[in-house]
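Novice: Input structure: structure-v8.cif, which contains mmCIF, C-alpha atoms.
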```cif
data_query
#
loop_
_atom_site.label_atom_id
_atom_site.label_comp_id
_atom_site.auth_asym_id
_atom_site.auth_seq_id
_atom_site.Cartn_x
_atom_site.Cartn_y
_atom_site.Cartn_z
CA MET A 1266 0.00 0.00 0.00
CA ILE A 1267 2.87 2.41 0.83
CA CYS A 1268 6.35 2.07 -0.70
CA TYR A 1269 9.27 4.34 0.15
CA ARG A 1270 11.94 4.16 -2.54
CA ASN A 1271 15.48 5.40 -1.81
CA ILE A 1272 14.30 8.41 0.23
CA HIS A 1273 16.97 11.04 0.91
CA LYS A 1274 16.29 14.29 2.74
CA ALA A 1275 18.62 16.88 4.27
CA PHE A 1276 18.01 20.07 6.24
CA ASP A 1277 21.56 21.50 6.23
CA ILE A 1278 22.60 18.04 7.48
CA PRO A 1279 21.34 14.66 6.17
CA VAL A 1280 18.23 13.38 7.95
CA LEU A 1281 17.25 10.45 5.75
CA THR A 1282 19.79 8.62 3.60
CA GLY A 1283 18.37 6.00 1.28
CA ILE A 1284 15.25 4.69 3.05
CA ASP A 1285 13.55 1.72 1.37
CA LEU A 1286 10.45 0.48 3.17
CA GLU A 1287 7.12 -1.14 2.31
CA VAL A 1288 3.89 -1.17 4.31
CA GLU A 1289 1.44 -3.89 3.25
CA THR A 1290 -2.29 -3.38 2.68
CA GLY A 1291 -4.22 -3.74 5.93
CA GLU A 1292 -1.07 -3.82 8.02
CA MET A 1293 -0.50 -2.04 11.31
CA PHE A 1294 3.10 -0.84 11.07
CA ALA A 1295 5.15 1.08 13.65
CA LEU A 1296 8.22 3.21 13.02
CA PHE A 1297 10.59 3.69 15.97
CA GLY A 1298 13.77 5.65 16.47
CA PRO A 1299 15.49 8.24 18.67
CA SER A 1300 14.29 11.84 18.53
CA GLY A 1301 15.55 13.69 15.47
CA THR A 1302 16.16 10.58 13.43
CA GLY A 1303 13.66 11.49 10.71
CA LYS A 1304 10.56 9.45 11.58
CA SER A 1305 8.10 12.31 11.13
CA VAL A 1306 10.00 13.58 8.10
CA LEU A 1307 9.52 10.20 6.40
CA LEU A 1308 5.84 10.17 7.35
CA LYS A 1309 5.29 13.62 5.86
CA THR A 1310 6.80 12.56 2.51
CA THR A 1311 3.78 10.24 2.14
CA LEU A 1312 1.52 13.25 1.54
CA ALA A 1313 4.13 15.57 0.02
CA LEU A 1314 4.07 17.74 3.14
CA ILE A 1315 7.83 17.30 2.79
CA VAL A 1316 9.44 16.63 -0.60
CA PRO A 1317 12.47 14.29 -0.59
CA ASP A 1318 15.69 15.43 -2.25
CA VAL A 1319 16.01 12.01 -3.88
CA GLY A 1320 13.59 9.11 -4.20
CA ASP A 1321 9.84 8.69 -4.31
CA VAL A 1322 6.87 7.36 -2.39
CA GLU A 1323 4.18 5.21 -3.98
CA VAL A 1324 0.72 4.94 -2.42
CA ASP A 1325 -1.48 2.19 -3.81
CA GLY A 1326 0.64 2.18 -6.96
CA LEU A 1327 0.56 5.97 -7.51
CA SER A 1328 3.71 8.10 -7.38
CA VAL A 1329 3.54 10.92 -4.83
CA HIS A 1330 6.48 13.00 -6.04
CA ARG A 1331 7.31 11.92 -9.60
CA GLY A 1332 3.84 11.47 -11.09
CA PRO A 1333 1.26 13.94 -12.43
CA ALA A 1334 -0.29 16.50 -10.09
CA SER A 1335 -3.58 14.60 -10.18
CA ASN A 1336 -1.90 11.74 -8.30
CA LEU A 1337 -1.45 13.82 -5.17
CA GLU A 1338 -5.14 14.79 -5.00
CA THR A 1339 -6.14 11.13 -5.36
CA ILE A 1340 -3.61 10.02 -2.74
CA ARG A 1341 -4.63 12.64 -0.19
CA ARG A 1342 -8.24 11.48 -0.42
CA LYS A 1343 -7.09 8.00 0.57
CA ILE A 1344 -5.19 9.14 3.67
CA GLY A 1345 -6.11 10.44 7.10
CA TYR A 1346 -3.29 12.15 9.01
CA VAL A 1347 -3.21 12.38 12.81
CA PHE A 1348 -0.84 15.22 13.64
CA GLN A 1349 1.45 15.42 16.63
CA HIS A 1350 -0.22 17.50 19.42
CA ALA A 1351 -3.54 17.19 17.49
CA ALA A 1352 -2.85 20.45 15.53
CA LEU A 1353 -6.37 21.78 15.96
CA PHE A 1354 -7.27 25.28 14.77
CA ASP A 1355 -7.58 27.42 17.91
CA SER A 1356 -10.23 29.75 16.49
CA LEU A 1357 -12.50 26.95 15.25
CA ASN A 1358 -14.84 24.89 17.40
CA VAL A 1359 -14.87 21.09 17.44
CA TYR A 1360 -17.52 20.84 14.71
CA GLU A 1361 -15.49 23.09 12.39
CA ASN A 1362 -12.19 21.36 13.19
CA VAL A 1363 -13.53 17.89 12.45
CA SER A 1364 -15.27 18.95 9.23
CA MET A 1365 -11.90 20.28 7.99
CA GLY A 1366 -10.96 16.64 7.43
CA LEU A 1367 -13.20 16.54 4.36
CA PRO A 1368 -12.12 17.95 0.97
CA GLU A 1369 -13.57 21.39 0.23
CA ASP A 1370 -15.31 20.22 -2.93
CA GLU A 1371 -17.01 17.40 -1.03
CA ILE A 1372 -18.19 19.79 1.68
CA ALA A 1373 -19.58 22.13 -1.00
CA ARG A 1374 -21.72 19.30 -2.40
CA MET A 1375 -23.04 18.13 0.96
CA LYS A 1376 -26.21 19.21 2.66
CA THR A 1377 -25.72 20.73 6.10
CA ALA A 1378 -27.55 17.81 7.70
CA ASP A 1379 -25.29 15.29 5.98
CA LEU A 1380 -22.15 17.13 7.06
CA SER A 1381 -23.43 17.32 10.64
CA ARG A 1382 -24.13 13.58 10.59
CA ARG A 1383 -20.60 12.81 9.39
CA VAL A 1384 -19.03 14.98 12.10
CA TRP A 1385 -21.32 13.43 14.73
CA GLU A 1386 -20.42 9.88 13.63
CA ALA A 1387 -16.68 10.61 13.62
CA LEU A 1388 -16.83 11.93 17.18
CA GLU A 1389 -18.82 8.94 18.38
CA ILE A 1390 -16.31 6.55 16.81
CA VAL A 1391 -13.53 8.08 18.95
CA ASN A 1392 -15.67 7.83 22.09
CA LEU A 1393 -16.58 11.50 22.43
CA GLU A 1394 -20.10 12.75 23.16
CA PRO A 1395 -20.99 15.16 20.31
CA ARG A 1396 -23.68 17.01 22.27
CA GLU A 1397 -21.16 18.01 24.91
CA ILE A 1398 -18.26 19.20 22.76
CA LEU A 1399 -19.42 20.23 19.26
CA SER A 1400 -19.42 23.93 20.08
CA LYS A 1401 -16.32 23.93 22.28
CA LEU A 1402 -13.01 25.51 21.31
CA PRO A 1403 -9.75 23.53 21.62
CA SER A 1404 -8.77 25.62 24.65
CA GLU A 1405 -11.76 24.16 26.49
CA LEU A 1406 -10.67 20.55 25.91
CA SER A 1407 -8.30 18.31 27.85
CA GLY A 1408 -5.19 16.93 26.16
CA GLY A 1409 -6.78 13.53 25.64
CA MET A 1410 -9.93 15.08 24.16
CA LYS A 1411 -7.88 17.17 21.74
CA LYS A 1412 -6.15 14.00 20.54
CA ARG A 1413 -9.50 12.33 19.93
CA VAL A 1414 -10.85 15.33 18.03
CA GLY A 1415 -7.71 15.21 15.86
CA ILE A 1416 -8.36 11.53 15.20
CA ALA A 1417 -12.01 12.26 14.36
CA ARG A 1418 -10.84 14.81 11.80
CA ALA A 1419 -8.51 12.20 10.27
CA ILE A 1420 -11.21 9.53 9.90
CA ILE A 1421 -14.19 11.63 8.80
CA GLY A 1422 -13.15 11.24 5.15
CA ARG A 1423 -13.29 7.43 5.50
CA PRO A 1424 -9.66 6.93 4.48
CA GLU A 1425 -7.98 3.71 3.39
CA ILE A 1426 -4.77 4.70 5.18
CA LEU A 1427 -4.16 6.33 8.56
CA LEU A 1428 -0.85 8.01 9.35
CA TRP A 1429 -0.22 8.54 13.08
CA ASP A 1430 2.49 11.05 13.99
CA GLU A 1431 3.43 10.54 17.67
CA PRO A 1432 -0.23 10.24 18.75
CA THR A 1433 0.57 9.80 22.47
CA THR A 1434 3.10 12.65 22.79
CA GLY A 1435 2.29 14.88 25.77
CA LEU A 1436 -0.14 12.43 27.35
CA ASP A 1437 0.22 10.76 30.73
CA PRO A 1438 0.51 6.93 30.77
CA ILE A 1439 -3.20 6.39 31.42
CA ASN A 1440 -4.33 8.59 28.51
CA SER A 1441 -1.55 7.15 26.33
CA ALA A 1442 -2.89 3.64 26.92
CA ALA A 1443 -6.43 4.83 26.09
CA VAL A 1444 -5.27 6.34 22.79
CA GLU A 1445 -3.32 3.17 21.94
CA ARG A 1446 -6.45 1.06 22.50
CA LEU A 1447 -8.35 3.47 20.27
CA ILE A 1448 -5.72 3.18 17.53
CA GLN A 1449 -5.92 -0.60 17.65
CA ARG A 1450 -9.72 -0.62 17.55
CA LEU A 1451 -10.00 1.88 14.71
CA SER A 1452 -7.43 0.07 12.59
CA LYS A 1453 -9.47 -3.12 12.83
CA GLU A 1454 -12.98 -1.65 12.64
CA LEU A 1455 -12.23 0.73 9.77
CA GLU A 1456 -10.09 -1.90 7.98
CA VAL A 1457 -7.36 0.60 7.17
CA THR A 1458 -3.63 0.41 6.62
CA SER A 1459 -1.94 2.17 9.55
CA LEU A 1460 1.56 3.60 9.82
CA LEU A 1461 2.40 4.68 13.35
CA VAL A 1462 5.37 6.90 14.19
CA THR A 1463 5.95 6.68 17.91
CA HIS A 1464 8.48 6.96 20.70
CA ASP A 1465 6.38 4.53 22.77
CA VAL A 1466 8.10 1.24 22.01
CA GLU A 1467 6.06 -0.88 24.39
CA GLY A 1468 2.79 0.43 22.99
CA GLY A 1469 3.95 0.10 19.40
CA LEU A 1470 5.14 -3.48 19.85
CA HIS A 1471 1.81 -4.42 21.37
CA LEU A 1472 -0.21 -2.80 18.58
CA CYS A 1473 1.61 -3.63 15.39
CA ASP A 1474 2.13 -6.48 12.93
CA ARG A 1475 5.59 -5.27 11.96
CA VAL A 1476 7.98 -2.58 13.16
CA ALA A 1477 10.99 -0.73 11.80
CA MET A 1478 13.66 1.41 13.43
CA LEU A 1479 15.42 4.44 11.98
CA HIS A 1480 18.86 5.33 13.30
CA GLY A 1481 21.38 7.78 11.91
CA GLY A 1482 19.22 8.43 8.85
CA THR A 1483 19.12 4.77 7.80
CA LEU A 1484 16.80 1.83 8.32
CA ARG A 1485 18.38 -0.14 11.14
CA PHE A 1486 15.72 -2.84 11.53
CA CYS A 1487 12.51 -4.14 9.98
CA GLY A 1488 10.59 -7.19 11.15
CA THR A 1489 8.04 -8.52 13.62
CA PRO A 1490 7.75 -7.19 17.18
CA GLN A 1491 9.25 -10.40 18.57
CA GLU A 1492 12.19 -10.20 16.15
CA PHE A 1493 12.72 -6.61 17.25
CA LYS A 1494 12.85 -7.57 20.94
CA ASP A 1495 15.17 -10.51 20.16
CA SER A 1496 17.46 -8.61 17.75
CA PRO A 1497 21.18 -9.17 18.35
CA ASP A 1498 21.91 -5.67 17.01
CA LEU A 1499 23.45 -3.74 19.91
CA VAL A 1500 21.91 -0.44 18.77
CA VAL A 1501 18.43 -2.01 18.69
CA GLN A 1502 19.02 -3.65 22.09
CA ALA A 1503 20.09 -0.34 23.63
CA PHE A 1504 17.00 1.39 22.25
CA VAL A 1505 14.65 -1.32 23.56
CA ASP A 1506 16.31 -1.33 27.00
CA ARG A 1507 16.15 2.47 27.27
CA ALA A 1508 12.49 2.52 26.23
CA ALA A 1509 11.64 -0.15 28.79
CA ALA A 1510 13.40 1.81 31.55
CA ILE A 1511 11.50 5.01 30.68
CA ALA A 1512 8.18 3.12 30.61
CA ALA A 1513 8.89 1.64 34.02
CA LEU A 1514 9.72 5.09 35.40
CA ASP A 1515 6.49 6.55 34.00
CA MET A 1516 4.44 3.83 35.66
CA ALA A 1517 6.25 4.35 38.94
CA VAL A 1518 5.37 8.06 38.85
CA VAL A 1519 1.70 7.25 38.20
#
```
Transcribe the structure of this file into C-alpha cells.
Specialist:
Amino acid sequence: MICYRNIHKAFDIPVLTGIDLEVETGEMFALFGPSGTGKSVLLKTTLALIVPDVGDVEVDGLSVHRGPASNLETIRRKIGYVFQHAALFDSLNVYENVSMGLPEDEIARMKTADLSRRVWEALEIVNLEPREILSKLPSELSGGMKKRVGIARAIIGRPEILLWDEPTTGLDPINSAAVERLIQRLSKELEVTSLLVTHDVEGGLHLCDRVAMLHGGTLRFCGTPQEFKDSPDLVVQAFVDRAAAIAALDMAVV
C-alpha cells in the first residue's frame, strides 16, 4: 500500500539517507527511532508535506512525487493524518475542526444535515459525546480530548490509510494507553492500513504487525515485534532497554 523508494532528505545536514520500506495493505506498522532521526519527516513525505531530495513514495501504486499532479489529490483522499499534538485550529470549534478533514469540494456538495451527521459519527467513533463538545473551542478541551478530536478529523473522510504522527506525545501513561487502544480498535474496525510513528516502544510493539527502526538516517531494523525484541543488534538492544526503563519510570510516577 505504501512504498518508500530510496528516500533522501537533508536540512543542512542529512536526515534520511536511502530509506527503502514497504507497508502492506491492511497492516499495522510502527516506526521507531530516537528523537531527530527522521521518523516524522519520512511520514510527511507520504503526503508531500515534505518533498524528498532524492527518491519517491508510492501509495497504492501511484507516485507521490514523480507522477502527475492529479496523483497527489487522489492520494490525499485515501489518507487520514493524525498530527502530533492534534494540531487543531484554535479559532474553530470542534464541529469546524472535524469537518476540515473533508475535501472542500465534497463539503460544497453536501447538505448541512449530511455534514453534521458525518461529524457526529466521527466523534462517536472516537468515544466523544458530540452534544457536549461540538461547540467547544480547543482551549476548552483536555489533552486527551484534543487527541480524539484530531483523530475524528482524520477519519471523517473514510480513508484507506491512517498516518499517526506521535499520537501519544504529551499524554500521561493512562491517557496514552487509552489512545493506543483506540488506535488498535480503529485500525481493525475501519479496515485501514496504519503507519504509526511513535516513541512509545512498548505500545507500538503491542499494537503492530511489523515494526521498523530508523537510526542515523538509515533503516536499522525491519521485522516482527518479537524479532525486534530478540534482535542481536546492539543499537536495537540499547534502544529497547532504554524505552523499557523510561516506561517503568512513567508507571512508577503514576
Novice: Return the single residue from A:Phe1348, A:Arg1383, A:Lys1343, A:Asp1285 that is closest to A:Leu1314, with distances computed using only C-alpha atoms.
Specialist: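 That would be A:Phe1348, the residue with the smallest distance to A:Leu1314.
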Novice: Output the residue selection produced by the PyMOL selection byres ((chain A and resi 1469-1476) around 10) on the file above, formatted as a ChimeraX atom specification.
Specialist: /A:1288-1289,1291-1297,1445-1446,1448-1450,1452,1459-1468,1477-1478,1486-1494
Novice: Could you name the residues that touch A:Gly1326 at 9 Å or less, counting all atoms listed in the file, but leaving out those on the same chain fewer than 6 positions away, as a list in words?
Specialist: Met1266, Ile1267 and Cys1268 of chain A
Novice: Dump C-alpha atoms for the selected residues as an mmCIF file, in the coordinates of the input?
Specialist:
```
data_model
loop_
_atom_site.group_PDB
_atom_site.id
_atom_site.type_symbol
_atom_site.label_atom_id
_atom_site.label_comp_id
_atom_site.auth_asym_id
_atom_site.auth_seq_id
_atom_site.Cartn_x
_atom_site.Cartn_y
_atom_site.Cartn_z
ATOM 1 C CA MET A 1266 0.000 0.000 0.000
ATOM 2 C CA ILE A 1267 2.870 2.410 0.830
ATOM 3 C CA CYS A 1268 6.350 2.070 -0.700
#
```
Novice: Report as a short mmCIF file (atom, residue, chain, number, x, y, z; two decimals) with C-alpha atoms, in the frame of the given file the residues that result from applying the PyMOL selection byres ((chain A and resi 1427) around 8) to the structure here.
Specialist:
```cif
data_model
loop_
_atom_site.label_atom_id
_atom_site.label_comp_id
_atom_site.auth_asym_id
_atom_site.auth_seq_id
_atom_site.Cartn_x
_atom_site.Cartn_y
_atom_site.Cartn_z
CA ILE A 1344 -5.19 9.14 3.67
CA GLY A 1345 -6.11 10.44 7.10
CA TYR A 1346 -3.29 12.15 9.01
CA VAL A 1347 -3.21 12.38 12.81
CA ALA A 1419 -8.51 12.20 10.27
CA ILE A 1420 -11.21 9.53 9.90
CA PRO A 1424 -9.66 6.93 4.48
CA GLU A 1425 -7.98 3.71 3.39
CA ILE A 1426 -4.77 4.70 5.18
CA LEU A 1428 -0.85 8.01 9.35
CA TRP A 1429 -0.22 8.54 13.08
CA VAL A 1457 -7.36 0.60 7.17
CA THR A 1458 -3.63 0.41 6.62
CA SER A 1459 -1.94 2.17 9.55
CA LEU A 1460 1.56 3.60 9.82
#
```
Novice: Write out as a list in words which residues come within 10 Å of A:Phe1276 when counting only C-alpha atoms, dropping same-chain ones fewer than 4 positions away.
Specialist: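 Residues near the query, excluding close chain neighbours: Val1280, Leu1281 and Asp1318 of chain A.
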Novice: Under the rule that only C-alpha atoms are counted, which of A:Leu1451, A:Pro1279, A:Pro1299, A:Arg1342 is the nearest residue to A:Arg1507?
Specialist: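 Answer, going by the shortest atom-to-atom distance: A:Pro1299.
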Novice: In Å, how far is it from atom CA of A:Pro1368 to atom CA of A:Ile1272?
Specialist: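 Between atom CA of A:Pro1368 and atom CA of A:Ile1272 the gap is 28.1 Å.
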Novice: For the atom pair atom CA of A:Arg1418 and atom CA of A:Trp1385, what is the interatomic distance in Å to one decimal place?
Specialist: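 We find that atom CA of A:Arg1418 and atom CA of A:Trp1385 lie 11.0 Å from each other.
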Novice: Can you pull out the residues contacting A:Ala1443? Cut-off 12 Å, using all atoms listed in the file, and skip same-chain residues under 3 positions away; I want them as a list in words.
Specialist: Val1391, Asn1392, Gly1409, Met1410, Lys1412, Arg1413, Pro1432, Thr1433, Leu1436, Asp1437, Pro1438, Ile1439, Asn1440, Arg1446, Leu1447, Ile1448, Gln1449, Arg1450 and Gly1468 of chain A
Novice: As AutoDock Vina command-line options, please: the centre and edge lengths in Å, to one decimal, of an axis-aligned box enclosing every listed atom of stretch 1394-1413 of chain A with 6 Å added on each side.
Specialist:
```
--center_x -14.4 --center_y 19.0 --center_z 23.6 --size_x 30.5 --size_y 25.3 --size_z 20.6
```
Novice: Taking into account only C-alpha atoms, which residue in the set A:Pro1333, A:Ala1417, A:Glu1394, A:Glu1338 is nearest to A:Asp1370?
Specialist: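 Going through A:Pro1333, A:Ala1417, A:Glu1394, A:Glu1338 one by one, the smallest distance to A:Asp1370 is for A:Glu1338.
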Novice: Take the PyMOL selection byres ((chain A and resi 1395) around 12), run it mentally on this structure, and tell me the resulting residues as a PyMOL selection string.
Specialist: chain A and resi 1358-1360+1363+1381-1394+1396-1401+1410+1413-1414+1417
Novice: List as a ChimeraX atom specification: which residues have an atom within 12 Å of (6.5, 11.4, 2.9), counting all atoms listed in the file?
Specialist: /A:1267-1274,1281,1284,1286,1303-1324,1328-1330,1337,1340-1341,1344,1346,1428,1430,1460
Novice: Between atom CA of A:Leu1353 and atom CA of A:Gly1298, what is the distance in Å, rounded to a tenth?
Specialist: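 Here the two named atoms are 25.8 Å from each other.
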Novice: For A:Lys1411, which of A:His1350, A:Lys1453, A:Arg1485, A:Lys1376 is the closest residue, counting all atoms listed in the file?
Specialist: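 Under the stated criterion, the closest residue is A:His1350.
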Novice: So that I can look at just that part, could you write stretch 1437-1513 of chain A with C-alpha atoms, as a CSV table (one decimal), in the first residue's frame?
Specialist:
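What landed in decode07.csv:
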```
chain,number,residue,atom,x,y,z
A,1437,ASP,CA,0.2,10.8,30.7
A,1438,PRO,CA,0.5,6.9,30.8
A,1439,ILE,CA,-3.2,6.4,31.4
A,1440,ASN,CA,-4.3,8.6,28.5
A,1441,SER,CA,-1.6,7.2,26.3
A,1442,ALA,CA,-2.9,3.6,26.9
A,1443,ALA,CA,-6.4,4.8,26.1
A,1444,VAL,CA,-5.3,6.3,22.8
A,1445,GLU,CA,-3.3,3.2,21.9
A,1446,ARG,CA,-6.4,1.1,22.5
A,1447,LEU,CA,-8.4,3.5,20.3
A,1448,ILE,CA,-5.7,3.2,17.5
A,1449,GLN,CA,-5.9,-0.6,17.7
A,1450,ARG,CA,-9.7,-0.6,17.6
A,1451,LEU,CA,-10.0,1.9,14.7
A,1452,SER,CA,-7.4,0.1,12.6
A,1453,LYS,CA,-9.5,-3.1,12.8
A,1454,GLU,CA,-13.0,-1.7,12.6
A,1455,LEU,CA,-12.2,0.7,9.8
A,1456,GLU,CA,-10.1,-1.9,8.0
A,1457,VAL,CA,-7.4,0.6,7.2
A,1458,THR,CA,-3.6,0.4,6.6
A,1459,SER,CA,-1.9,2.2,9.6
A,1460,LEU,CA,1.6,3.6,9.8
A,1461,LEU,CA,2.4,4.7,13.3
A,1462,VAL,CA,5.4,6.9,14.2
A,1463,THR,CA,5.9,6.7,17.9
A,1464,HIS,CA,8.5,7.0,20.7
A,1465,ASP,CA,6.4,4.5,22.8
A,1466,VAL,CA,8.1,1.2,22.0
A,1467,GLU,CA,6.1,-0.9,24.4
A,1468,GLY,CA,2.8,0.4,23.0
A,1469,GLY,CA,4.0,0.1,19.4
A,1470,LEU,CA,5.1,-3.5,19.9
A,1471,HIS,CA,1.8,-4.4,21.4
A,1472,LEU,CA,-0.2,-2.8,18.6
A,1473,CYS,CA,1.6,-3.6,15.4
A,1474,ASP,CA,2.1,-6.5,12.9
A,1475,ARG,CA,5.6,-5.3,12.0
A,1476,VAL,CA,8.0,-2.6,13.2
A,1477,ALA,CA,11.0,-0.7,11.8
A,1478,MET,CA,13.7,1.4,13.4
A,1479,LEU,CA,15.4,4.4,12.0
A,1480,HIS,CA,18.9,5.3,13.3
A,1481,GLY,CA,21.4,7.8,11.9
A,1482,GLY,CA,19.2,8.4,8.8
A,1483,THR,CA,19.1,4.8,7.8
A,1484,LEU,CA,16.8,1.8,8.3
A,1485,ARG,CA,18.4,-0.1,11.1
A,1486,PHE,CA,15.7,-2.8,11.5
A,1487,CYS,CA,12.5,-4.1,10.0
A,1488,GLY,CA,10.6,-7.2,11.2
A,1489,THR,CA,8.0,-8.5,13.6
A,1490,PRO,CA,7.7,-7.2,17.2
A,1491,GLN,CA,9.3,-10.4,18.6
A,1492,GLU,CA,12.2,-10.2,16.1
A,1493,PHE,CA,12.7,-6.6,17.3
A,1494,LYS,CA,12.9,-7.6,20.9
A,1495,ASP,CA,15.2,-10.5,20.2
A,1496,SER,CA,17.5,-8.6,17.8
A,1497,PRO,CA,21.2,-9.2,18.4
A,1498,ASP,CA,21.9,-5.7,17.0
A,1499,LEU,CA,23.5,-3.7,19.9
A,1500,VAL,CA,21.9,-0.4,18.8
A,1501,VAL,CA,18.4,-2.0,18.7
A,1502,GLN,CA,19.0,-3.6,22.1
A,1503,ALA,CA,20.1,-0.3,23.6
A,1504,PHE,CA,17.0,1.4,22.2
A,1505,VAL,CA,14.7,-1.3,23.6
A,1506,ASP,CA,16.3,-1.3,27.0
A,1507,ARG,CA,16.2,2.5,27.3
A,1508,ALA,CA,12.5,2.5,26.2
A,1509,ALA,CA,11.6,-0.2,28.8
A,1510,ALA,CA,13.4,1.8,31.6
A,1511,ILE,CA,11.5,5.0,30.7
A,1512,ALA,CA,8.2,3.1,30.6
A,1513,ALA,CA,8.9,1.6,34.0
```
